[in-house]
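Student: For reference, the structure I am asking about is given below.
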Amino acid sequence: MALNATWEELFGGSAPPGQPATMTLAGVPAPDSGGGGGDANLKADVGPWHEAGNTAGELRTSTGTSLTDLDTANEGVGGGTAGFASSGALTEILGTWKTRLTAVRDECGRLEGALKSAGRDFGERETATQRKIAAEAPAPARKEG
Amino acid sequence: MPTWQQLRDVKLDEYSDAADGWGKVSSRANSDKDRVDNGMFAKIHHSQKGEAATKAGGDIQQLSRNYQYLHTECGLIRTALNGLATELAAPQKKLKQALEDAENLRFTVKPDGSVEYPTDSLVLSPGTHTAEHGAPVPLAPGKGEGVGSADANKGKAEDIAERIGDAVREADEIDSRYAAALRRLKADPGLEVSAEDLVDAAADTKALQQAAGKYADDDRIPHGKSATENADWWNGLSQEQRDEYATLYPASVGALDGIPSSVRDDANRMVFAENRAQIQTDLNKPAPNQYIPNPNGNYPAAVLSPEYKQWQKEQERLKEQLKGSDSIQARFDATGKENLPEAYLLGYDKEGIGRAIIANGNPDTADHTAVYVPGTKTNLNNFDEDISRMTDMWRETQKWAPGESVSTITWFGYEAPQSVVTDATQKDYAYDGSPKLLQFMDGLETAQGGPDNSHTTIIGHSYGSTVVGDASNKGDLAADDIVAVGSPGMLTGRAEDLDVGKDHVWSEAATSDVVPAGGKLAGLGGYTWGVETWNGVPFNAGYVQTVPSDELFGAHRMDVDTSGHTDYWTRDSESLRNQAKVVAGQYDKVNED
């Protein structure tokens, strides 16, 4: 697939409103389909796209923790506060924020995949070029003595 | 409405525990936003990957907006829950006291809140009676009907019933108030954070300020106090209180000179994002009817409606405000470009000619800090160059301070004159601006942890140098070096009169810059007795007016290779290099007369 077409798929269309972000997650190619070998991965891992992808992965975890925090923190509210309208209001809004956090978490997952995949695409070409240059260049003359 | 039993039994800890959870989510979102901005956007946005970077950048910026939205709204929910728990504690305590009193008197509080009491009164019929909340009484509750009775139980029971009823009513008022505020704080579905969402967030903040005013009051934030007092107040708060003030009153916290720059930046960025969204949504408002029938005859048949004229005027104003916010947003987005460090928004106001204070790199931890005070005609609607002068200054200074951290700040924190005028009011802009500059510099020094922690240079351009001069005249300017660039005068006659001492006053003036001479006509220089020289040759003596570029003034006259009044920060110029050397403290490398 041409690079631009890959990008169209990775970052081009946002999910239509109301569609969960996981819908687009399916559009991320499996790690191998990017064409990069393990070797290329290793080298590209230090590149900015992989670093950005790694950050997205950390944020995915971090946002997952927030989801858990909300559940844990609000657990006792219903039982211990019967009769108070605020508890009902809290339950109402809690659901909307869990939905938002889930969407954000999934988006982080999607971006992690997409950015790393992009990094592989870029890195792969760079690595390939480097190899080519290295292969064509004459071995450096050793200074003797 | 809760019953008295529910008020007695409510576990207020559940609300404060829940508040802690929302608070964690809010704080985490705040630091996650920084990771998105610095660890993702800045990394790839400026890579040479064209279209790819642009598309990914858009998605990443949306993610960043989500974290900012989560930071704000979850922070408000935290504060609402804490406010609710705190306020409910009072009626709950009142109720429990009443119940305890009832028990001690062996009265029975019935499910409906009435109080049953025994009596042996001669007036009342024997047996048990019931006192109810709000029963009509001739005098004060619990007092009147007891009069004439040898038995005080009736009065006591009525007093208890009254307190129970009051407690429940108070609790209900608090609960309803917070429930309404909480219901507003819901998330829209999806991933988009639209301008409307941010405008709503601003309105939610205002609504909660009203609802939670008793719990967290803006008046408790210092206003118009010294930087040290501000810092003392801030340091005396718990982390949770800091977070609460910062999310509930971001504008007040963002303006506090003396508290950490990262806190001010977070608060101001929230205000900035919400203001920007407001400008955008206002711009999209549909136009009113353009034409109305001509009220003064039938030719022309229709004229522009007054509403339309008003709307047009408003649109112009909004476009200018948007332009100002675009300049600031562009600086945020430039982080990472040519190694540019993260930006800190230390002040923002869209009204009038606007205000903005933007740092490149964290000033609190900088080895070298430069503060640039812009001059005449500075306006937020034309601000790109005021920002780029200091980003270029940052890059140049970094070359002269290898291995050291540098922060350069554009300080547009005063009402700059909008035209070159030569009347007496010209000085008033400096008189009004200098206290604000003094306060900002004090705040910087406080946040840096004292005067010795950062080498600080103030660069005054044009009228900005007049403000710097007046600040030095009026107060104790917290700076180590002063650079006057294209200065029309500093309202002082000699470099040695400035707070930093003669050796640390520097001047740049291009021969083709007419402002220094013009400044003398306007009387912005200072007067001193002395001999005026030109290239060392005396040409006049007496009580004369001087500006920083005059030899008699006594500043280091640095070499300049740019021309005119506005090119002193041209990249790779001697003019910029010399300033940067001063900022980096490399005095002996400066090229001067």
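Residues in the structure tokens are numbered from 1 in each chain, the chains being A, B, ... in the order shown, and ligands are numbered from 1 in the order shown.
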Counting only C-alpha atoms, collect the residues of chain A whose closest atom lies at most 6 Å from chain B, and write them out as a ChimeraX atom specification.

Tutor: /A:11,18,48,52,66,69-70,73-74,76-77,80-81,83-86,89,93,96-97

Student: Generate a file of the selected residues that holds N, CA and C atoms, formatted as a PDB file, in the first residue's frame.

Tutor:
ATOM      1  N   PHE A  11      -4.910   7.886   9.682  1.00  0.00           N
ATOM      2  CA  PHE A  11      -5.257   9.168  10.300  1.00  0.00           C
ATOM      3  C   PHE A  11      -6.285   9.958   9.514  1.00  0.00           C
ATOM      4  N   GLY A  18     -20.512   9.283  17.383  1.00  0.00           N
ATOM      5  CA  GLY A  18     -21.312   8.236  18.001  1.00  0.00           C
ATOM      6  C   GLY A  18     -20.703   6.860  17.848  1.00  0.00           C
ATOM      7  N   PRO A  48      11.279   9.375  16.604  1.00  0.00           N
ATOM      8  CA  PRO A  48      10.213  10.183  17.210  1.00  0.00           C
ATOM      9  C   PRO A  48       8.831   9.553  17.084  1.00  0.00           C
ATOM     10  N   ALA A  52       6.556   8.690  20.218  1.00  0.00           N
ATOM     11  CA  ALA A  52       5.188   9.210  20.347  1.00  0.00           C
ATOM     12  C   ALA A  52       4.211   8.053  20.546  1.00  0.00           C
ATOM     13  N   SER A  66      -7.578   5.711  35.280  1.00  0.00           N
ATOM     14  CA  SER A  66      -8.585   6.709  35.627  1.00  0.00           C
ATOM     15  C   SER A  66      -9.982   6.102  35.624  1.00  0.00           C
ATOM     16  N   ASP A  69     -10.279   4.214  38.750  1.00  0.00           N
ATOM     17  CA  ASP A  69     -10.387   5.153  39.875  1.00  0.00           C
ATOM     18  C   ASP A  69     -11.814   5.671  40.032  1.00  0.00           C
ATOM     19  N   LEU A  70     -12.434   6.001  38.916  1.00  0.00           N
ATOM     20  CA  LEU A  70     -13.799   6.528  38.985  1.00  0.00           C
ATOM     21  C   LEU A  70     -14.750   5.480  39.561  1.00  0.00           C
ATOM     22  N   ALA A  73     -13.989   4.957  43.326  1.00  0.00           N
ATOM     23  CA  ALA A  73     -14.313   6.112  44.153  1.00  0.00           C
ATOM     24  C   ALA A  73     -15.820   6.290  44.319  1.00  0.00           C
ATOM     25  N   ASN A  74     -16.572   5.946  43.294  1.00  0.00           N
ATOM     26  CA  ASN A  74     -18.005   6.192  43.360  1.00  0.00           C
ATOM     27  C   ASN A  74     -18.800   5.005  43.893  1.00  0.00           C
ATOM     28  N   GLY A  76     -19.210   3.558  46.809  1.00  0.00           N
ATOM     29  CA  GLY A  76     -19.974   3.639  48.038  1.00  0.00           C
ATOM     30  C   GLY A  76     -21.085   4.670  48.030  1.00  0.00           C
ATOM     31  N   VAL A  77     -21.075   5.527  47.008  1.00  0.00           N
ATOM     32  CA  VAL A  77     -21.962   6.682  47.067  1.00  0.00           C
ATOM     33  C   VAL A  77     -23.441   6.279  47.122  1.00  0.00           C
ATOM     34  N   GLY A  80     -24.461   4.697  50.693  1.00  0.00           N
ATOM     35  CA  GLY A  80     -24.259   5.488  51.901  1.00  0.00           C
ATOM     36  C   GLY A  80     -24.941   6.836  51.899  1.00  0.00           C
ATOM     37  N   THR A  81     -25.638   7.151  50.823  1.00  0.00           N
ATOM     38  CA  THR A  81     -26.170   8.506  50.728  1.00  0.00           C
ATOM     39  C   THR A  81     -27.612   8.528  50.226  1.00  0.00           C
ATOM     40  N   GLY A  83     -31.401   9.103  49.543  1.00  0.00           N
ATOM     41  CA  GLY A  83     -32.272  10.244  49.775  1.00  0.00           C
ATOM     42  C   GLY A  83     -31.735  11.551  49.249  1.00  0.00           C
ATOM     43  N   PHE A  84     -30.479  11.558  48.810  1.00  0.00           N
ATOM     44  CA  PHE A  84     -29.883  12.809  48.357  1.00  0.00           C
ATOM     45  C   PHE A  84     -29.880  12.889  46.832  1.00  0.00           C
ATOM     46  N   ALA A  85     -30.393  13.990  46.324  1.00  0.00           N
ATOM     47  CA  ALA A  85     -30.504  14.174  44.874  1.00  0.00           C
ATOM     48  C   ALA A  85     -29.135  14.214  44.218  1.00  0.00           C
ATOM     49  N   SER A  86     -28.137  14.711  44.965  1.00  0.00           N
ATOM     50  CA  SER A  86     -26.790  14.811  44.399  1.00  0.00           C
ATOM     51  C   SER A  86     -26.255  13.442  43.986  1.00  0.00           C
ATOM     52  N   ALA A  89     -27.625  12.651  40.689  1.00  0.00           N
ATOM     53  CA  ALA A  89     -26.958  13.478  39.680  1.00  0.00           C
ATOM     54  C   ALA A  89     -25.577  12.916  39.365  1.00  0.00           C
ATOM     55  N   ILE A  93     -23.980  11.610  35.691  1.00  0.00           N
ATOM     56  CA  ILE A  93     -22.816  12.124  34.974  1.00  0.00           C
ATOM     57  C   ILE A  93     -21.675  11.105  34.954  1.00  0.00           C
ATOM     58  N   THR A  96     -21.486   9.256  31.734  1.00  0.00           N
ATOM     59  CA  THR A  96     -21.008  10.002  30.562  1.00  0.00           C
ATOM     60  C   THR A  96     -19.483  10.114  30.572  1.00  0.00           C
ATOM     61  N   TRP A  97     -18.910  10.252  31.761  1.00  0.00           N
ATOM     62  CA  TRP A  97     -17.445  10.384  31.835  1.00  0.00           C
ATOM     63  C   TRP A  97     -16.751   9.058  31.608  1.00  0.00           C
TER      64      TRP A  97
END

Student: At most 7 Å is the cut-off: for each residue in segment 433-492 of chain B with any atom that close to an atom of segment 500-514 of chain B, write down the nearest atom pair and the distance in Å rounded to one decimal, counting only C-alpha atoms, chain first then increasing number, as JSON lines.

Tutor:
{"residue": "B:Ala479", "atom": "CA", "partner": "B:Val500", "partner_atom": "CA", "distance": 6.7}
{"residue": "B:Asp480", "atom": "CA", "partner": "B:Val500", "partner_atom": "CA", "distance": 5.5}
{"residue": "B:Asp481", "atom": "CA", "partner": "B:His504", "partner_atom": "CA", "distance": 4.8}
{"residue": "B:Ile482", "atom": "CA", "partner": "B:Val505", "partner_atom": "CA", "distance": 5.0}
{"residue": "B:Val483", "atom": "CA", "partner": "B:Trp506", "partner_atom": "CA", "distance": 4.6}
{"residue": "B:Ala484", "atom": "CA", "partner": "B:Ser507", "partner_atom": "CA", "distance": 4.8}
{"residue": "B:Val485", "atom": "CA", "partner": "B:Glu508", "partner_atom": "CA", "distance": 4.8}
{"residue": "B:Gly486", "atom": "CA", "partner": "B:Ala509", "partner_atom": "CA", "distance": 4.8}

Student: Keeping only C-alpha atoms, write the selected residues as a tab-separated table (two decimals), in the first residue's frame.

Tutor:
chain	number	residue	atom	x	y	z
B	479	ALA	CA	16.92	42.13	37.59
B	480	ASP	CA	20.67	41.77	37.08
B	481	ASP	CA	21.00	43.41	33.67
B	482	ILE	CA	19.01	45.95	31.70
B	483	VAL	CA	19.13	46.22	27.91
B	484	ALA	CA	17.54	49.31	26.34
B	485	VAL	CA	16.86	48.78	22.65
B	486	GLY	CA	15.88	51.67	20.40

Student: Pick out the residues sitting within 8 Å of Ala56 of chain A, and hand them over as JSON, numbers by chain; count only C-alpha atoms, and ignore anything fewer than 3 positions along from it in its own chain.

Tutor: {"A": [52, 53, 59, 60, 108, 109, 111, 112], "B": [36, 40]}

Student: Contacts of Asp470 of chain B at 10 Å or less, counting only C-alpha atoms, minus same-chain residues fewer than 5 places along, as a list in words?

Tutor: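 Contacts, with the query itself left out: Lys427, Ala430, Tyr431, Asp432, Gly433, Ser434, Pro435, Leu437, Leu438, Gly464, Ser465, Gly475, Leu477, Met490, Leu491, Thr492 and Leu498 of chain B.
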
Student: Tell me which protein, DNA and RNA residues are within 12 Å of Asn104 of chain B, counting only C-alpha atoms, leaving out same-chain ones fewer than 2 positions away, and put them as a PyMOL selection string.

Tutor: chain B and resi 97-102+106-109+117+153+156-157+160

Student: Keeping only N, CA and C atoms, take the residues you just selected and write them out as a PDB file, in the first residue's frame.

Tutor:
ATOM      1  N   GLN B  97     -27.135  16.840  67.130  1.00  0.00           N
ATOM      2  CA  GLN B  97     -27.221  17.513  68.430  1.00  0.00           C
ATOM      3  C   GLN B  97     -28.667  17.503  68.936  1.00  0.00           C
ATOM      4  N   ALA B  98     -29.602  17.793  68.025  1.00  0.00           N
ATOM      5  CA  ALA B  98     -31.019  17.819  68.409  1.00  0.00           C
ATOM      6  C   ALA B  98     -31.472  16.427  68.848  1.00  0.00           C
ATOM      7  N   LEU B  99     -31.021  15.402  68.099  1.00  0.00           N
ATOM      8  CA  LEU B  99     -31.409  14.033  68.439  1.00  0.00           C
ATOM      9  C   LEU B  99     -30.843  13.621  69.789  1.00  0.00           C
ATOM     10  N   GLU B 100     -29.624  14.070  70.054  1.00  0.00           N
ATOM     11  CA  GLU B 100     -28.993  13.746  71.331  1.00  0.00           C
ATOM     12  C   GLU B 100     -29.740  14.422  72.480  1.00  0.00           C
ATOM     13  N   ASP B 101     -30.128  15.664  72.253  1.00  0.00           N
ATOM     14  CA  ASP B 101     -30.900  16.391  73.270  1.00  0.00           C
ATOM     15  C   ASP B 101     -32.217  15.671  73.547  1.00  0.00           C
ATOM     16  N   ALA B 102     -32.868  15.203  72.475  1.00  0.00           N
ATOM     17  CA  ALA B 102     -34.139  14.496  72.629  1.00  0.00           C
ATOM     18  C   ALA B 102     -33.944  13.241  73.474  1.00  0.00           C
ATOM     19  N   ARG B 106     -35.362  11.998  77.172  1.00  0.00           N
ATOM     20  CA  ARG B 106     -36.241  10.837  76.968  1.00  0.00           C
ATOM     21  C   ARG B 106     -37.479  11.208  76.156  1.00  0.00           C
ATOM     22  N   PHE B 107     -37.261  12.072  75.162  1.00  0.00           N
ATOM     23  CA  PHE B 107     -38.309  12.365  74.192  1.00  0.00           C
ATOM     24  C   PHE B 107     -38.151  11.380  73.046  1.00  0.00           C
ATOM     25  N   THR B 108     -39.223  11.207  72.286  1.00  0.00           N
ATOM     26  CA  THR B 108     -39.135  10.329  71.123  1.00  0.00           C
ATOM     27  C   THR B 108     -39.277  11.164  69.853  1.00  0.00           C
ATOM     28  N   VAL B 109     -38.276  11.005  68.961  1.00  0.00           N
ATOM     29  CA  VAL B 109     -38.395  11.665  67.664  1.00  0.00           C
ATOM     30  C   VAL B 109     -39.091  10.692  66.725  1.00  0.00           C
ATOM     31  N   TYR B 117     -43.291  14.075  73.725  1.00  0.00           N
ATOM     32  CA  TYR B 117     -42.727  14.337  75.049  1.00  0.00           C
ATOM     33  C   TYR B 117     -43.787  14.117  76.121  1.00  0.00           C
ATOM     34  N   ASN B 153     -41.058  20.851  79.375  1.00  0.00           N
ATOM     35  CA  ASN B 153     -40.880  19.865  78.299  1.00  0.00           C
ATOM     36  C   ASN B 153     -41.448  20.314  76.968  1.00  0.00           C
ATOM     37  N   LYS B 156     -39.075  22.648  75.320  1.00  0.00           N
ATOM     38  CA  LYS B 156     -37.861  21.950  74.899  1.00  0.00           C
ATOM     39  C   LYS B 156     -38.136  21.074  73.681  1.00  0.00           C
ATOM     40  N   ALA B 157     -39.260  20.401  73.696  1.00  0.00           N
ATOM     41  CA  ALA B 157     -39.617  19.525  72.576  1.00  0.00           C
ATOM     42  C   ALA B 157     -39.817  20.328  71.295  1.00  0.00           C
ATOM     43  N   ILE B 160     -36.502  21.301  69.898  1.00  0.00           N
ATOM     44  CA  ILE B 160     -35.850  20.178  69.211  1.00  0.00           C
ATOM     45  C   ILE B 160     -36.497  19.927  67.851  1.00  0.00           C
TER      46      ILE B 160
END

Student: What is the distance between atom CA of Gln329 of chain B and atom CA of Ser261 of chain B, in Å to one decimal?

Tutor: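 Pair atom CA of Gln329 of chain B / atom CA of Ser261 of chain B returns 18.0 Å.
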
Student: Which of these residues is nearest to Thr65 of chain A, using only C-alpha atoms: A:Gly113, A:Trp49, A:Thr102, A:Asp121?

Tutor: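 Ranked by minimum distance to Thr65 of chain A, first place goes to A:Thr102.
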
Student: Please give the complete set of residues from segment 304-519 of chain B that DSSP, run on the backbone, assigns to helix (DSSP H, G or I), formatted as a count of residues only.

Tutor: 100

Student: When DSSP works through the backbone of this structure, what residues of segment 270-386 of chain B end up as strand (DSSP E), shown as a list in words?

Tutor: Tyr291, Ile292, Pro293, Ala302, Val303, Leu304, Ala343, Tyr344, Leu345, Leu346, Gly347, Tyr348, Asp349, Arg355, Ala356, Ile357, Ile358, Ala359, Asn360, His368, Thr369, Ala370, Val371, Tyr372 and Val373 of chain B

Student: Find the residues around Gln426 of chain B up to 10 Å (only C-alpha atoms counted), leave out those fewer than 4 positions away in its own chain, and share them as a PyMOL selection string.

Tutor: chain B and resi 417+419-422+430-431+463+522-524
